[in-house]
Amino acid sequence: MNMKKYLGLVLCLVILLNFRVSGQIPPGYYDPANGKSGVPLQSALHDIIKGHTVKSYDYLWTAFKTTDEKPNGTVWDMYSDIPDGTPNGNPPYVFTFVTDQCGNYGAEGDCYNREHSWPKSWFNDQAPMNSDLFHIYPTDGYVNNRRDNYPFGTVASASWTSQNGSKLGPCSWPGYSGTVFEPRDDYKGDFARSYFYMSTRYYTEDASWDVTDMTSKSQLKSWALQMMLHWNNADPVSQKETDRNNTVYGIQNNRNPFIDHPEYAALIWGNPVGIEENMGDFRLTLYPNPAADVCTIVIPKGTRIGEDHLFLTTLTGEKIIPEVYYGETTLTLKVESLPRDIYFVVLTGNSGTYHGKLIIE
């Protein structure tokens with residue numbers, strides 16, 4: 001091997017080693033996802049991040065020392081932490097790695113354990129989900145126990161509140177009223193992006209998963225998806241998440257795409273209800289919305305359409321051809337037989353493709 005080839009090989013090895021050690025996004029990592037949206041984007045991301053290096057459940061204790069270490073060297077527990085810069089920004093207690101590992105507990109602050117933010121019973125405690133670091137965090141054992149297997153949600157009237165302000169109580173988010181656990185606002189985006197990861201990493205690999213109040217196997221139910229999309233927007237990616245994503249990449253050899261590209265969530269599932277879609281002149285006018293029996297769509301001015309040029313898609317990508325009555329300036333959809341859900345409306349005309357979002361109640 002001549003010197004030029006040798007130096008080139010050494011340079012390549014140094015670059016690869018640097019990516020592995022630093023955990024930064026490798027060049028071209030997300031190229032297969034470019035230009036895609038909806039289910040094709042989710043599928044492409046699944047293919048990118050699947051087949052990660054699986055670690056043992058016991059190894060999580062070791063991993064936490066690098067994935068969830070605060071700048072002061074203590075455990076970064078999102079169920080007890082109060083971030084710097086917030087009112088009363090000192091956490092009520094902190095944990096020391098190894099020394100405070102659970103163990104037994106009877107109250108907050110006793111010890112930390114391994115919290116499956118996506119409860120392991122929802123996927124029947126199977127591998128590789130049960131040791132996937134992208135949804136497992138060190139958390140206060142007592143608070144983790146109070147959270148139990150309840151869904152995440154929003155709570156207006158708490159039956160119990162942790163020392164850092166996390167809450168347990170009936171859900172106030174539209175679409176679900178059962179008991180939920182609400183984390184601090186500062187960490188809602190972290191959990192939302194963890195859930196988007198799970199829905200994508202295990203997309204089509206969830207045959208044995210359960211249907212729960214929050215999920216349909218690996219996919220979020222409509223009420224929960226809307227909430228998580230809001231959380232994703234309201235609590236943007238933090239340096240904590242970026243650092244953790246890089247560190248986990250060095251361990252599992254895969255990344256959380258929704259930390260690297262938070263916009264992927266809207267590209268797959270749409271913007272949450274209440275957020276204006278950026279579609280300009282290609283946005284449909286629908287009324288009433290929400291609808292129960294029928295919905296009227298205003299045909300964009302100057303647009304010519306033919307029959308079968310309108311369809312709906314569900315949040316999981318299922319295509320539906322509704323019953324439609326065609327008028328001169330409007331279309332009337334019969335929706336009374338469709339399940340209560342959120343649908344994307346797609347109308348193709350001579351001047352382009354128009355979109356809208358329809359809620360059926």
# chains A, B, ... in the order shown; residues from 1 in each chain; ligands from 1
$ residues_around --residues "Asn113 (chain A)" --least-positions-apart "6" --cutoff "7 Å" --atoms "only C-alpha atoms" --output "count of residues only"
6
$ atom_distance --atom1 "CA of Thr66 (chain A)" --atom2 "CA of Ser121 (chain A)"
26.5 Å
$ atom_distance --atom1 "CA of Lys167 (chain A)" --atom2 "CA of Pro119 (chain A)"
17.2 Å
$ select_by_dssp --residues "region 132-335 of chain A" --states "helix (DSSP H, G or I)" --output "PyMOL selection string"
chain A and resi 141-147+185-201+222-234+239-252+257-260+264-269+280-282
$ write_last_selection --atoms "C-alpha atoms" --output "CSV table (one decimal), in the first residue's frame"
chain,number,residue,atom,x,y,z
A,141,GLY,CA,-38.7,4.9,42.3
A,142,TYR,CA,-41.7,6.1,44.3
A,143,VAL,CA,-42.9,8.5,41.6
A,144,ASN,CA,-42.4,5.8,39.0
A,145,ASN,CA,-44.6,3.5,41.1
A,146,ARG,CA,-47.3,6.2,41.4
A,147,ARG,CA,-47.2,6.7,37.6
A,185,ASP,CA,-43.9,21.2,31.1
A,186,ASP,CA,-40.1,21.3,30.9
A,187,TYR,CA,-39.9,17.6,29.9
A,188,LYS,CA,-43.1,17.0,28.0
A,189,GLY,CA,-41.3,17.4,24.7
A,190,ASP,CA,-38.7,14.8,25.8
A,191,PHE,CA,-41.4,12.2,26.4
A,192,ALA,CA,-43.3,13.1,23.2
A,193,ARG,CA,-40.2,12.5,21.1
A,194,SER,CA,-39.6,9.3,23.0
A,195,TYR,CA,-43.1,8.1,22.0
A,196,PHE,CA,-42.6,9.2,18.4
A,197,TYR,CA,-39.4,7.2,18.4
A,198,MET,CA,-41.2,4.1,19.7
A,199,SER,CA,-44.0,4.4,17.1
A,200,THR,CA,-41.4,4.6,14.4
A,201,ARG,CA,-38.6,2.2,15.6
A,222,SER,CA,-55.8,10.1,18.1
A,223,TRP,CA,-56.2,11.9,21.4
A,224,ALA,CA,-52.7,11.0,22.6
A,225,LEU,CA,-51.2,11.8,19.2
A,226,GLN,CA,-52.7,15.3,19.2
A,227,MET,CA,-51.4,15.9,22.7
A,228,MET,CA,-47.9,14.6,21.9
A,229,LEU,CA,-47.8,16.8,18.8
A,230,HIS,CA,-48.6,19.8,21.0
A,231,TRP,CA,-46.0,18.8,23.5
A,232,ASN,CA,-43.4,18.4,20.7
A,233,ASN,CA,-44.1,22.0,19.6
A,234,ALA,CA,-44.4,23.6,23.1
A,239,GLN,CA,-29.3,20.5,24.8
A,240,LYS,CA,-30.0,17.7,27.3
A,241,GLU,CA,-31.9,15.7,24.6
A,242,THR,CA,-29.3,16.4,21.9
A,243,ASP,CA,-26.5,15.2,24.2
A,244,ARG,CA,-28.4,12.1,25.3
A,245,ASN,CA,-29.2,11.3,21.6
A,246,ASN,CA,-25.5,11.4,20.7
A,247,THR,CA,-24.6,9.3,23.7
A,248,VAL,CA,-27.2,6.6,23.1
A,249,TYR,CA,-26.1,6.5,19.5
A,250,GLY,CA,-22.7,5.5,20.7
A,251,ILE,CA,-24.2,2.7,22.7
A,252,GLN,CA,-27.1,1.4,20.5
A,257,PRO,CA,-34.9,11.0,14.4
A,258,PHE,CA,-37.4,13.3,16.2
A,259,ILE,CA,-34.6,14.9,18.3
A,260,ASP,CA,-32.4,15.4,15.2
A,264,TYR,CA,-40.5,14.9,11.1
A,265,ALA,CA,-43.4,14.6,13.5
A,266,ALA,CA,-45.6,17.1,11.5
A,267,LEU,CA,-44.4,15.6,8.2
A,268,ILE,CA,-45.7,12.2,9.3
A,269,TRP,CA,-48.8,13.0,11.4
A,280,GLY,CA,-51.5,28.8,1.5
A,281,ASP,CA,-53.9,28.7,-1.4
A,282,PHE,CA,-54.0,24.9,-1.3
$ select_by_dssp --residues "region 109-279 of chain A" --states "strand (DSSP E)" --output "ChimeraX atom specification"
/A:112-116,136-140,160-161,167-170,179-182,215-216,219-220
